[in-house]
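This report refers to the structure that appears directly beneath it.
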There are 2 protein chains.
Amino acid sequence: MPMHHPPSRTLARVEDRPTWLISRNFQRSSGLLAAAFESAGDGLRSYHYRLLAALDEWGPASQADLGRGTGIDRSDVTAALSELESRRLVKRSVDPAHKRRNIVTITPAGVERLLELDAIVDDVQEQVLKPLTVAQRRQFIALMVKVLAAEDESLTSAAPNP
Amino acid sequence: MPMHHPPSRTLARVEDRPTWLISRNFQRSSGLLAAAFESAGDGLRSYHYRLLAALDEWGPASQADLGRGTGIDRSDVTAALSELESRRLVKRSVDPAHKRRNIVTITPAGVERLLELDAIVDDVQEQVLKPLTVAQRRQFIALMVKVLAAEDESLTSAAPNP
DNA sequence: GATTGAGTGTTGGCTCGACCAACATAGCCG
DNA sequence: CGGCTATGTTGGTCGAGCCAACACTCAATC
């Protein structure tokens, strides 16, 4: 249960900077998320949720594909899947076509847990957005999406040595 | 130089959730920030910047006050200040009134470095906000501030065992 | 067919920011 | 004086994000 230790004063040169606001929003949001996940019993964390969601939405997949799809590193996928597997939320089986490859499947129990986590996560959305009106929420989301749109166009002019 | 490994696919149940968008925005923003700080030469990171800024804005202060003011844990303040001190950007001297207390002061070199970092950080703001118009930037900032306003009013209804 | 090269899963490690606990010391206040 | 709090320091933990190296499998190329 991570306690909340926000700064007690505001730094003028920092308080209105987007990077700072983003960082504080993230801290708050991820704190609420962590608390919610923790109260859900199992030691499942965000990696587990993302992996379960990916398996549910995309169907069985190899670990490498899961990693690429979710943006989680191969090694972290391995670790998280092991934890999921030990809770019987996921099953690993060898791909007959490529013996080196695992095919990961979500189990019925995994789907069940995923739905519980979905509800928890939805709850946190509400908490986070609480101060905003419905219209503002839409705006907020739209703006964040727009900011992220530049995510790949990042070849500006900062690479002296190619 | 941390490479950028975003998810290659989008998770339907996740892609529009504010917590997810906040998290991705944070990742992008902090990635740019880290890259910018790294290119600044010294191994200074965000803690150092916040502490230098605090000292510059609030004047000399004890480590405990710095910690409370910036929201950085006492122990992390100690460590970061030691690194700043070894670079002569900050000076520690014992408070004559309270021998246990250090009075930390930013040096001229510290102010100088702070200004450089300021420029770097400002640059990152631009990068982050690039996709937005001026009006949208204002909105974005205002919305983030508003969301954060609820930061302390967080006694909802999720504590079964007090 | 044997040799390369790429992809896969796993192990083990690292960094950063955010925490927390314990301790010795210093000051305060009863 | 004895307790109490505050301070700085040491030495951890954790989650998320990374990276490197290895063993192995497969496909393509020589």
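Residues are referred to by chain and number: the chain letter is A, B, ... according to the order shown in the structure tokens, the number counts from 1 in that chain, and ligands are numbered separately from 1 in the order shown.
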Output, as a compact mmCIF listing (two decimals) with N, CA and C atoms, in the first residue's frame, the coordinates of chain B following least-squares superposition onto chain A across all in-order C-alpha pairs.
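Saved the output as selection_20.txt:
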# COMPACT_ATOMS: atom_id res chain seq x y z
N MET B 1 0.84 -1.15 0.31
CA MET B 1 0.03 0.05 0.13
C MET B 1 0.91 1.30 0.14
N PRO B 2 1.31 1.71 -1.02
CA PRO B 2 2.22 2.86 -1.12
C PRO B 2 1.52 4.14 -0.69
N MET B 3 2.09 4.80 0.29
CA MET B 3 1.51 6.05 0.73
C MET B 3 1.75 7.15 -0.29
N HIS B 4 1.00 8.17 -0.11
CA HIS B 4 1.00 9.26 -1.07
C HIS B 4 1.88 10.38 -0.57
N HIS B 5 2.96 10.61 -1.24
CA HIS B 5 3.88 11.66 -0.80
C HIS B 5 4.08 12.73 -1.86
N PRO B 6 3.06 13.51 -2.12
CA PRO B 6 3.23 14.54 -3.13
C PRO B 6 4.06 15.68 -2.55
N PRO B 7 4.63 16.47 -3.44
CA PRO B 7 5.37 17.64 -2.97
C PRO B 7 4.45 18.52 -2.14
N SER B 8 4.99 19.14 -1.11
CA SER B 8 4.16 20.00 -0.28
C SER B 8 4.18 21.44 -0.81
N ARG B 9 5.14 21.75 -1.64
CA ARG B 9 5.18 23.08 -2.26
C ARG B 9 5.20 22.87 -3.77
N THR B 10 4.97 23.95 -4.48
CA THR B 10 5.02 23.83 -5.93
C THR B 10 6.25 24.57 -6.46
N LEU B 11 6.86 23.98 -7.46
CA LEU B 11 8.02 24.61 -8.09
C LEU B 11 7.52 25.41 -9.28
N ALA B 12 7.77 26.69 -9.25
CA ALA B 12 7.22 27.58 -10.28
C ALA B 12 7.63 27.11 -11.68
N ARG B 13 8.90 26.79 -11.85
CA ARG B 13 9.40 26.46 -13.18
C ARG B 13 8.93 25.08 -13.62
N VAL B 14 8.15 24.44 -12.82
CA VAL B 14 7.83 23.05 -13.10
C VAL B 14 6.32 22.81 -13.11
N GLU B 15 5.60 23.55 -12.30
CA GLU B 15 4.22 23.17 -12.01
C GLU B 15 3.29 23.18 -13.22
N ASP B 16 3.60 23.99 -14.21
CA ASP B 16 2.72 24.05 -15.38
C ASP B 16 3.30 23.34 -16.59
N ARG B 17 4.43 22.73 -16.41
CA ARG B 17 5.03 22.05 -17.55
C ARG B 17 4.30 20.73 -17.82
N PRO B 18 3.93 20.53 -19.06
CA PRO B 18 3.22 19.29 -19.41
C PRO B 18 3.94 18.04 -18.93
N THR B 19 5.23 17.99 -19.10
CA THR B 19 5.94 16.77 -18.67
C THR B 19 5.73 16.52 -17.18
N TRP B 20 5.72 17.59 -16.41
CA TRP B 20 5.50 17.44 -14.98
C TRP B 20 4.08 17.00 -14.69
N LEU B 21 3.14 17.64 -15.35
CA LEU B 21 1.74 17.28 -15.13
C LEU B 21 1.47 15.84 -15.54
N ILE B 22 2.06 15.46 -16.65
CA ILE B 22 1.91 14.08 -17.09
C ILE B 22 2.48 13.13 -16.05
N SER B 23 3.65 13.49 -15.55
CA SER B 23 4.30 12.63 -14.58
C SER B 23 3.47 12.50 -13.30
N ARG B 24 2.93 13.62 -12.84
CA ARG B 24 2.11 13.57 -11.63
C ARG B 24 0.82 12.79 -11.88
N ASN B 25 0.24 13.00 -13.03
CA ASN B 25 -0.97 12.24 -13.35
C ASN B 25 -0.66 10.75 -13.40
N PHE B 26 0.46 10.43 -13.94
CA PHE B 26 0.83 9.02 -14.02
C PHE B 26 1.01 8.45 -12.62
N GLN B 27 1.68 9.23 -11.81
CA GLN B 27 1.93 8.74 -10.47
C GLN B 27 0.62 8.47 -9.73
N ARG B 28 -0.28 9.43 -9.88
CA ARG B 28 -1.57 9.24 -9.20
C ARG B 28 -2.31 8.05 -9.78
N SER B 29 -2.39 8.01 -11.09
CA SER B 29 -3.13 6.95 -11.75
C SER B 29 -2.54 5.58 -11.44
N SER B 30 -1.24 5.49 -11.51
CA SER B 30 -0.64 4.17 -11.30
C SER B 30 -0.69 3.80 -9.83
N GLY B 31 -0.69 4.80 -8.96
CA GLY B 31 -0.86 4.52 -7.55
C GLY B 31 -2.23 3.92 -7.27
N LEU B 32 -3.25 4.55 -7.83
CA LEU B 32 -4.61 4.02 -7.64
C LEU B 32 -4.73 2.62 -8.21
N LEU B 33 -4.15 2.46 -9.37
CA LEU B 33 -4.18 1.16 -10.03
C LEU B 33 -3.50 0.10 -9.16
N ALA B 34 -2.34 0.43 -8.67
CA ALA B 34 -1.60 -0.53 -7.86
C ALA B 34 -2.39 -0.90 -6.61
N ALA B 35 -2.97 0.11 -5.99
CA ALA B 35 -3.76 -0.15 -4.79
C ALA B 35 -4.94 -1.06 -5.12
N ALA B 36 -5.58 -0.77 -6.24
CA ALA B 36 -6.74 -1.57 -6.63
C ALA B 36 -6.33 -3.01 -6.93
N PHE B 37 -5.27 -3.18 -7.67
CA PHE B 37 -4.80 -4.53 -7.98
C PHE B 37 -4.43 -5.28 -6.72
N GLU B 38 -3.79 -4.55 -5.82
CA GLU B 38 -3.36 -5.20 -4.59
C GLU B 38 -4.54 -5.70 -3.79
N SER B 39 -5.59 -4.88 -3.76
CA SER B 39 -6.77 -5.29 -3.00
C SER B 39 -7.50 -6.44 -3.68
N ALA B 40 -7.11 -6.74 -4.91
CA ALA B 40 -7.76 -7.84 -5.63
C ALA B 40 -7.23 -9.19 -5.16
N GLY B 41 -6.34 -9.19 -4.18
CA GLY B 41 -5.90 -10.45 -3.63
C GLY B 41 -4.60 -10.93 -4.25
N ASP B 42 -4.69 -11.68 -5.31
CA ASP B 42 -3.50 -12.20 -5.98
C ASP B 42 -2.47 -11.11 -6.23
N GLY B 43 -1.25 -11.53 -6.37
CA GLY B 43 -0.19 -10.56 -6.62
C GLY B 43 -0.09 -10.18 -8.08
N LEU B 44 -1.21 -10.09 -8.74
CA LEU B 44 -1.17 -9.74 -10.17
C LEU B 44 -0.90 -8.25 -10.34
N ARG B 45 -0.09 -7.94 -11.32
CA ARG B 45 0.24 -6.54 -11.59
C ARG B 45 -0.12 -6.22 -13.03
N SER B 46 0.32 -5.07 -13.47
CA SER B 46 -0.17 -4.58 -14.75
C SER B 46 0.26 -5.48 -15.91
N TYR B 47 1.46 -6.03 -15.85
CA TYR B 47 1.88 -6.94 -16.91
C TYR B 47 0.91 -8.11 -17.06
N HIS B 48 0.50 -8.65 -15.92
CA HIS B 48 -0.39 -9.80 -15.99
C HIS B 48 -1.72 -9.42 -16.62
N TYR B 49 -2.20 -8.26 -16.24
CA TYR B 49 -3.47 -7.81 -16.81
C TYR B 49 -3.36 -7.63 -18.31
N ARG B 50 -2.30 -6.98 -18.73
CA ARG B 50 -2.14 -6.75 -20.16
C ARG B 50 -2.03 -8.06 -20.93
N LEU B 51 -1.33 -9.01 -20.35
CA LEU B 51 -1.17 -10.29 -21.05
C LEU B 51 -2.49 -11.06 -21.09
N LEU B 52 -3.19 -11.06 -19.99
CA LEU B 52 -4.48 -11.75 -19.99
C LEU B 52 -5.41 -11.09 -21.01
N ALA B 53 -5.42 -9.78 -21.03
CA ALA B 53 -6.29 -9.06 -21.97
C ALA B 53 -5.90 -9.39 -23.41
N ALA B 54 -4.61 -9.42 -23.66
CA ALA B 54 -4.15 -9.72 -25.02
C ALA B 54 -4.58 -11.12 -25.43
N LEU B 55 -4.43 -12.07 -24.54
CA LEU B 55 -4.81 -13.44 -24.87
C LEU B 55 -6.31 -13.56 -25.08
N ASP B 56 -7.04 -12.82 -24.29
CA ASP B 56 -8.49 -12.88 -24.42
C ASP B 56 -8.94 -12.25 -25.73
N GLU B 57 -8.30 -11.17 -26.11
CA GLU B 57 -8.76 -10.44 -27.30
C GLU B 57 -8.21 -11.03 -28.58
N TRP B 58 -6.99 -11.51 -28.53
CA TRP B 58 -6.35 -11.97 -29.75
C TRP B 58 -6.34 -13.49 -29.88
N GLY B 59 -6.76 -14.16 -28.86
CA GLY B 59 -6.70 -15.60 -28.88
C GLY B 59 -5.29 -16.10 -28.58
N PRO B 60 -5.12 -17.42 -28.58
CA PRO B 60 -3.82 -18.02 -28.27
C PRO B 60 -2.72 -17.41 -29.13
N ALA B 61 -1.56 -17.23 -28.55
CA ALA B 61 -0.45 -16.60 -29.28
C ALA B 61 0.86 -17.09 -28.70
N SER B 62 1.90 -16.93 -29.47
CA SER B 62 3.23 -17.26 -28.96
C SER B 62 3.70 -16.16 -28.03
N GLN B 63 4.68 -16.45 -27.21
CA GLN B 63 5.18 -15.44 -26.28
C GLN B 63 5.79 -14.27 -27.01
N ALA B 64 6.48 -14.57 -28.11
CA ALA B 64 7.10 -13.49 -28.87
C ALA B 64 6.04 -12.55 -29.43
N ASP B 65 4.97 -13.15 -29.94
CA ASP B 65 3.89 -12.32 -30.47
C ASP B 65 3.24 -11.50 -29.37
N LEU B 66 3.06 -12.13 -28.23
CA LEU B 66 2.50 -11.39 -27.10
C LEU B 66 3.39 -10.21 -26.74
N GLY B 67 4.68 -10.48 -26.73
CA GLY B 67 5.61 -9.41 -26.40
C GLY B 67 5.50 -8.26 -27.39
N ARG B 68 5.55 -8.60 -28.66
CA ARG B 68 5.45 -7.54 -29.66
C ARG B 68 4.12 -6.82 -29.59
N GLY B 69 3.07 -7.59 -29.44
CA GLY B 69 1.74 -6.99 -29.44
C GLY B 69 1.52 -6.05 -28.27
N THR B 70 1.99 -6.45 -27.11
CA THR B 70 1.73 -5.64 -25.93
C THR B 70 2.84 -4.64 -25.64
N GLY B 71 3.99 -4.80 -26.30
CA GLY B 71 5.10 -3.91 -26.02
C GLY B 71 5.88 -4.32 -24.78
N ILE B 72 5.62 -5.52 -24.30
CA ILE B 72 6.34 -6.02 -23.13
C ILE B 72 7.54 -6.83 -23.61
N ASP B 73 8.65 -6.65 -22.98
CA ASP B 73 9.87 -7.34 -23.38
C ASP B 73 9.72 -8.85 -23.25
N ARG B 74 10.35 -9.58 -24.19
CA ARG B 74 10.30 -11.05 -24.19
C ARG B 74 10.55 -11.63 -22.81
N SER B 75 11.60 -11.15 -22.18
CA SER B 75 11.97 -11.75 -20.90
C SER B 75 10.92 -11.48 -19.83
N ASP B 76 10.32 -10.32 -19.88
CA ASP B 76 9.28 -10.01 -18.90
C ASP B 76 8.02 -10.81 -19.18
N VAL B 77 7.77 -11.06 -20.48
CA VAL B 77 6.64 -11.91 -20.84
C VAL B 77 6.83 -13.29 -20.23
N THR B 78 8.02 -13.82 -20.39
CA THR B 78 8.31 -15.14 -19.82
C THR B 78 8.00 -15.18 -18.33
N ALA B 79 8.52 -14.21 -17.62
CA ALA B 79 8.34 -14.19 -16.17
C ALA B 79 6.87 -14.06 -15.79
N ALA B 80 6.19 -13.10 -16.42
CA ALA B 80 4.79 -12.86 -16.07
C ALA B 80 3.93 -14.08 -16.41
N LEU B 81 4.22 -14.70 -17.55
CA LEU B 81 3.44 -15.87 -17.93
C LEU B 81 3.66 -17.01 -16.94
N SER B 82 4.88 -17.14 -16.45
CA SER B 82 5.12 -18.20 -15.47
C SER B 82 4.26 -17.99 -14.24
N GLU B 83 4.15 -16.74 -13.82
CA GLU B 83 3.32 -16.46 -12.65
C GLU B 83 1.85 -16.73 -12.95
N LEU B 84 1.44 -16.35 -14.16
CA LEU B 84 0.04 -16.61 -14.53
C LEU B 84 -0.22 -18.12 -14.62
N GLU B 85 0.77 -18.82 -15.14
CA GLU B 85 0.59 -20.26 -15.31
C GLU B 85 0.51 -20.96 -13.95
N SER B 86 1.31 -20.51 -13.01
CA SER B 86 1.29 -21.14 -11.69
C SER B 86 -0.05 -20.89 -10.99
N ARG B 87 -0.76 -19.87 -11.43
CA ARG B 87 -2.10 -19.63 -10.88
C ARG B 87 -3.18 -20.26 -11.76
N ARG B 88 -2.76 -21.02 -12.74
CA ARG B 88 -3.69 -21.71 -13.65
C ARG B 88 -4.58 -20.73 -14.42
N LEU B 89 -4.07 -19.55 -14.71
CA LEU B 89 -4.87 -18.58 -15.47
C LEU B 89 -4.52 -18.64 -16.94
N VAL B 90 -3.50 -19.41 -17.25
CA VAL B 90 -2.92 -19.43 -18.58
C VAL B 90 -2.28 -20.80 -18.78
N LYS B 91 -2.25 -21.27 -20.01
CA LYS B 91 -1.62 -22.57 -20.27
C LYS B 91 -0.60 -22.41 -21.39
N ARG B 92 0.57 -23.00 -21.19
CA ARG B 92 1.59 -23.01 -22.24
C ARG B 92 1.64 -24.37 -22.87
N SER B 93 1.64 -24.43 -24.20
CA SER B 93 1.85 -25.71 -24.85
C SER B 93 2.74 -25.49 -26.07
N VAL B 94 3.54 -26.50 -26.36
CA VAL B 94 4.50 -26.36 -27.44
C VAL B 94 3.78 -26.36 -28.79
N ASP B 95 4.14 -25.46 -29.64
CA ASP B 95 3.61 -25.42 -31.00
C ASP B 95 4.16 -26.62 -31.77
N PRO B 96 3.29 -27.50 -32.24
CA PRO B 96 3.77 -28.70 -32.95
C PRO B 96 4.53 -28.32 -34.23
N ALA B 97 4.15 -27.23 -34.84
CA ALA B 97 4.82 -26.82 -36.08
C ALA B 97 6.21 -26.26 -35.81
N HIS B 98 6.34 -25.54 -34.72
CA HIS B 98 7.64 -24.94 -34.37
C HIS B 98 7.94 -25.28 -32.93
N LYS B 99 8.70 -26.34 -32.75
CA LYS B 99 8.89 -26.88 -31.41
C LYS B 99 9.48 -25.88 -30.42
N ARG B 100 10.12 -24.87 -30.97
CA ARG B 100 10.74 -23.90 -30.08
C ARG B 100 9.71 -22.92 -29.52
N ARG B 101 8.59 -22.88 -30.15
CA ARG B 101 7.59 -21.86 -29.83
C ARG B 101 6.53 -22.38 -28.88
N ASN B 102 6.15 -21.56 -27.91
CA ASN B 102 5.04 -21.89 -27.02
C ASN B 102 3.76 -21.25 -27.52
N ILE B 103 2.70 -21.99 -27.43
CA ILE B 103 1.40 -21.39 -27.69
C ILE B 103 0.71 -21.18 -26.36
N VAL B 104 0.42 -19.93 -26.08
CA VAL B 104 -0.14 -19.58 -24.78
C VAL B 104 -1.64 -19.40 -24.93
N THR B 105 -2.38 -19.98 -24.02
CA THR B 105 -3.84 -19.91 -24.05
C THR B 105 -4.34 -19.46 -22.70
N ILE B 106 -5.37 -18.64 -22.73
CA ILE B 106 -5.99 -18.24 -21.47
C ILE B 106 -6.97 -19.32 -21.05
N THR B 107 -6.99 -19.64 -19.76
CA THR B 107 -7.91 -20.66 -19.26
C THR B 107 -9.24 -20.00 -18.86
N PRO B 108 -10.27 -20.81 -18.66
CA PRO B 108 -11.53 -20.24 -18.16
C PRO B 108 -11.32 -19.46 -16.87
N ALA B 109 -10.52 -20.01 -15.98
CA ALA B 109 -10.23 -19.28 -14.74
C ALA B 109 -9.55 -17.95 -15.06
N GLY B 110 -8.73 -17.97 -16.11
CA GLY B 110 -8.05 -16.75 -16.52
C GLY B 110 -9.04 -15.71 -17.01
N VAL B 111 -10.00 -16.16 -17.81
CA VAL B 111 -11.02 -15.24 -18.30
C VAL B 111 -11.80 -14.64 -17.12
N GLU B 112 -12.09 -15.53 -16.20
CA GLU B 112 -12.83 -15.08 -15.02
C GLU B 112 -12.08 -13.99 -14.27
N ARG B 113 -10.83 -14.29 -13.99
CA ARG B 113 -10.01 -13.30 -13.27
C ARG B 113 -9.89 -12.02 -14.08
N LEU B 114 -9.76 -12.17 -15.38
CA LEU B 114 -9.65 -10.99 -16.24
C LEU B 114 -10.86 -10.09 -16.09
N LEU B 115 -12.03 -10.71 -16.03
CA LEU B 115 -13.25 -9.91 -15.89
C LEU B 115 -13.27 -9.16 -14.56
N GLU B 116 -12.81 -9.84 -13.52
CA GLU B 116 -12.72 -9.15 -12.23
C GLU B 116 -11.78 -7.96 -12.32
N LEU B 117 -10.64 -8.20 -12.95
CA LEU B 117 -9.67 -7.11 -13.07
C LEU B 117 -10.24 -5.98 -13.91
N ASP B 118 -10.97 -6.34 -14.94
CA ASP B 118 -11.61 -5.31 -15.76
C ASP B 118 -12.47 -4.37 -14.91
N ALA B 119 -13.25 -4.99 -14.05
CA ALA B 119 -14.13 -4.17 -13.20
C ALA B 119 -13.30 -3.24 -12.32
N ILE B 120 -12.25 -3.82 -11.75
CA ILE B 120 -11.37 -3.03 -10.89
C ILE B 120 -10.77 -1.86 -11.66
N VAL B 121 -10.30 -2.16 -12.85
CA VAL B 121 -9.65 -1.12 -13.65
C VAL B 121 -10.66 -0.04 -14.04
N ASP B 122 -11.85 -0.46 -14.37
CA ASP B 122 -12.88 0.52 -14.71
C ASP B 122 -13.15 1.45 -13.54
N ASP B 123 -13.15 0.86 -12.39
CA ASP B 123 -13.38 1.66 -11.19
C ASP B 123 -12.34 2.76 -11.06
N VAL B 124 -11.11 2.40 -11.35
CA VAL B 124 -10.03 3.38 -11.22
C VAL B 124 -10.21 4.51 -12.24
N GLN B 125 -10.69 4.17 -13.42
CA GLN B 125 -10.95 5.23 -14.41
C GLN B 125 -11.85 6.29 -13.81
N GLU B 126 -12.89 5.80 -13.15
CA GLU B 126 -13.82 6.73 -12.54
C GLU B 126 -13.13 7.62 -11.51
N GLN B 127 -12.34 6.98 -10.66
CA GLN B 127 -11.64 7.76 -9.64
C GLN B 127 -10.77 8.83 -10.26
N VAL B 128 -10.06 8.42 -11.32
CA VAL B 128 -9.11 9.36 -11.92
C VAL B 128 -9.84 10.54 -12.55
N LEU B 129 -10.93 10.24 -13.25
CA LEU B 129 -11.62 11.28 -14.01
C LEU B 129 -12.64 12.05 -13.17
N LYS B 130 -12.80 11.64 -11.93
CA LYS B 130 -13.86 12.21 -11.12
C LYS B 130 -13.99 13.73 -11.22
N PRO B 131 -12.88 14.47 -11.20
CA PRO B 131 -13.04 15.94 -11.22
C PRO B 131 -13.57 16.49 -12.54
N LEU B 132 -13.66 15.69 -13.57
CA LEU B 132 -14.03 16.22 -14.88
C LEU B 132 -15.48 15.93 -15.22
N THR B 133 -16.06 16.85 -15.97
CA THR B 133 -17.39 16.60 -16.51
C THR B 133 -17.27 15.60 -17.66
N VAL B 134 -18.39 15.13 -18.13
CA VAL B 134 -18.36 14.14 -19.20
C VAL B 134 -17.69 14.72 -20.45
N ALA B 135 -18.05 15.96 -20.78
CA ALA B 135 -17.45 16.58 -21.95
C ALA B 135 -15.95 16.73 -21.77
N GLN B 136 -15.55 17.13 -20.57
CA GLN B 136 -14.12 17.30 -20.31
C GLN B 136 -13.38 15.97 -20.39
N ARG B 137 -14.04 14.92 -19.96
CA ARG B 137 -13.40 13.61 -20.05
C ARG B 137 -13.13 13.25 -21.50
N ARG B 138 -14.12 13.49 -22.32
CA ARG B 138 -13.94 13.20 -23.75
C ARG B 138 -12.78 14.01 -24.30
N GLN B 139 -12.76 15.29 -23.96
CA GLN B 139 -11.67 16.16 -24.43
C GLN B 139 -10.31 15.65 -23.97
N PHE B 140 -10.27 15.33 -22.69
CA PHE B 140 -9.02 14.87 -22.09
C PHE B 140 -8.49 13.65 -22.84
N ILE B 141 -9.38 12.70 -23.05
CA ILE B 141 -8.98 11.49 -23.74
C ILE B 141 -8.54 11.80 -25.17
N ALA B 142 -9.32 12.63 -25.84
CA ALA B 142 -8.99 12.96 -27.22
C ALA B 142 -7.63 13.64 -27.31
N LEU B 143 -7.36 14.53 -26.38
CA LEU B 143 -6.09 15.25 -26.41
C LEU B 143 -4.92 14.29 -26.15
N MET B 144 -5.10 13.39 -25.23
CA MET B 144 -4.02 12.43 -24.96
C MET B 144 -3.77 11.55 -26.17
N VAL B 145 -4.84 11.14 -26.81
CA VAL B 145 -4.67 10.33 -28.02
C VAL B 145 -3.90 11.13 -29.07
N LYS B 146 -4.26 12.37 -29.19
CA LYS B 146 -3.63 13.19 -30.22
C LYS B 146 -2.13 13.38 -29.93
N VAL B 147 -1.83 13.64 -28.68
CA VAL B 147 -0.42 13.80 -28.32
C VAL B 147 0.36 12.54 -28.66
N LEU B 148 -0.26 11.41 -28.43
CA LEU B 148 0.42 10.15 -28.69
C LEU B 148 0.56 9.84 -30.17
N ALA B 149 -0.21 10.54 -30.98
CA ALA B 149 -0.18 10.23 -32.40
C ALA B 149 1.22 10.45 -32.98
N ALA B 150 1.96 11.36 -32.38
CA ALA B 150 3.30 11.67 -32.89
C ALA B 150 4.31 10.62 -32.45
N GLU B 151 3.80 9.56 -31.86
CA GLU B 151 4.67 8.61 -31.17
C GLU B 151 5.82 8.07 -32.02
N ASP B 152 5.60 7.93 -33.31
CA ASP B 152 6.67 7.37 -34.13
C ASP B 152 7.43 8.41 -34.93
N GLU B 153 6.77 9.53 -35.20
CA GLU B 153 7.44 10.61 -35.92
C GLU B 153 8.35 11.37 -34.98
N SER B 154 9.45 10.77 -34.59
CA SER B 154 10.27 11.43 -33.58
C SER B 154 11.72 11.59 -34.03
N LEU B 155 11.92 11.81 -35.30
CA LEU B 155 13.27 12.09 -35.77
C LEU B 155 13.42 13.60 -35.94
N THR B 156 13.66 14.25 -34.82
CA THR B 156 13.70 15.71 -34.86
C THR B 156 15.06 16.24 -35.33
N SER B 157 15.94 16.50 -34.38
CA SER B 157 17.25 17.06 -34.77
C SER B 157 18.17 17.06 -33.57
N ALA B 158 18.35 15.91 -32.97
CA ALA B 158 19.10 15.88 -31.72
C ALA B 158 20.13 14.75 -31.68
N ALA B 159 20.62 14.34 -32.81
CA ALA B 159 21.59 13.24 -32.82
C ALA B 159 22.88 13.68 -33.52
N PRO B 160 23.81 14.26 -32.75
CA PRO B 160 25.07 14.73 -33.33
C PRO B 160 25.88 13.58 -33.91
N ASN B 161 26.00 12.51 -33.14
CA ASN B 161 26.78 11.35 -33.61
C ASN B 161 25.88 10.17 -33.97
N PRO B 162 25.72 9.91 -35.23
CA PRO B 162 24.84 8.82 -35.67
C PRO B 162 25.42 7.44 -35.37
Handout entry: Residues near DG3 of chain D, cut-off 12 Å, only C-alpha atoms (C1' of nucleotides), skip fewer than 4 positions along chain, as a PyMOL selection string
Key = chain C and resi 28-30
Where does chain D meet chain B within 12 Å, residue by residue, with the nearest atom pair and distance in Å to one decimal for each, counting only C-alpha atoms (C1' of nucleotides), listed by chain and rising number, as CSV?
residue,atom,partner,partner_atom,distance
D:DA6,C1',B:Ala64,CA,8.9
D:DT7,C1',B:Arg101,CA,6.0
D:DG8,C1',B:Thr78,CA,7.4
D:DT9,C1',B:Ser75,CA,7.3
D:DT10,C1',B:Ser75,CA,8.7
D:DG11,C1',B:Ser75,CA,10.1
D:DG12,C1',B:Ser75,CA,11.4
D:DA16,C1',B:Gln27,CA,10.3
D:DG17,C1',B:Pro2,CA,9.0
D:DC18,C1',B:Pro2,CA,7.1
D:DC19,C1',B:Pro2,CA,9.6
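The residues of segment 12-158 of chain B that DSSP classifies as strand (DSSP E or B), using the backbone of this structure, are Ala61, Val90, Lys91, Arg92, Ser93, Val94, Asn102, Ile103, Val104, Thr105 and Ile106 of chain B.
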Residues from the last selection, N, CA, C and O atoms, saved as an mmCIF file, in the first residue's frame:
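Full text of out.cif as output:
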data_model
loop_
_atom_site.group_PDB
_atom_site.id
_atom_site.type_symbol
_atom_site.label_atom_id
_atom_site.label_comp_id
_atom_site.auth_asym_id
_atom_site.auth_seq_id
_atom_site.Cartn_x
_atom_site.Cartn_y
_atom_site.Cartn_z
ATOM 1 N N ALA B 61 17.953 25.397 2.392
ATOM 2 C CA ALA B 61 16.962 24.662 3.172
ATOM 3 C C ALA B 61 17.609 23.418 3.750
ATOM 4 O O ALA B 61 18.671 22.979 3.286
ATOM 5 N N VAL B 90 26.214 22.138 -5.190
ATOM 6 C CA VAL B 90 25.453 22.305 -3.968
ATOM 7 C C VAL B 90 26.430 22.236 -2.809
ATOM 8 O O VAL B 90 27.491 21.615 -2.920
ATOM 9 N N LYS B 91 26.127 22.933 -1.723
ATOM 10 C CA LYS B 91 27.012 22.880 -0.565
ATOM 11 C C LYS B 91 26.197 22.523 0.673
ATOM 12 O O LYS B 91 25.116 23.064 0.888
ATOM 13 N N ARG B 92 26.722 21.617 1.474
ATOM 14 C CA ARG B 92 26.079 21.271 2.737
ATOM 15 C C ARG B 92 26.850 21.902 3.872
ATOM 16 O O ARG B 92 28.067 21.787 3.936
ATOM 17 N N SER B 93 26.145 22.555 4.796
ATOM 18 C CA SER B 93 26.828 23.036 5.988
ATOM 19 C C SER B 93 25.912 22.829 7.188
ATOM 20 O O SER B 93 24.690 22.897 7.073
ATOM 21 N N VAL B 94 26.535 22.568 8.311
ATOM 22 C CA VAL B 94 25.752 22.252 9.501
ATOM 23 C C VAL B 94 25.043 23.510 10.016
ATOM 24 O O VAL B 94 25.648 24.585 10.105
ATOM 25 N N ASN B 102 21.432 19.818 8.337
ATOM 26 C CA ASN B 102 22.269 20.400 7.295
ATOM 27 C C ASN B 102 21.536 21.546 6.612
ATOM 28 O O ASN B 102 20.336 21.442 6.346
ATOM 29 N N ILE B 103 22.263 22.580 6.344
ATOM 30 C CA ILE B 103 21.699 23.632 5.504
ATOM 31 C C ILE B 103 22.308 23.504 4.124
ATOM 32 O O ILE B 103 23.530 23.571 3.963
ATOM 33 N N VAL B 104 21.451 23.273 3.156
ATOM 34 C CA VAL B 104 21.931 23.022 1.799
ATOM 35 C C VAL B 104 21.783 24.295 0.988
ATOM 36 O O VAL B 104 20.733 24.942 1.015
ATOM 37 N N THR B 105 22.822 24.628 0.262
ATOM 38 C CA THR B 105 22.828 25.844 -0.553
ATOM 39 C C THR B 105 23.250 25.492 -1.963
ATOM 40 O O THR B 105 24.098 24.637 -2.170
ATOM 41 N N ILE B 106 22.618 26.140 -2.912
ATOM 42 C CA ILE B 106 23.027 25.939 -4.301
ATOM 43 C C ILE B 106 24.215 26.846 -4.590
ATOM 44 O O ILE B 106 24.264 27.992 -4.141
#
Problem - At most 12 Å to chain A: residues in chain C, only C-alpha atoms (C1' of nucleotides), as a list in words - result: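 The complete set of qualifying residues is DG7, DT8, DG9, DT10, DT11, DG12, DG13, DG17, DA18, DC19 and DC20 of chain C.
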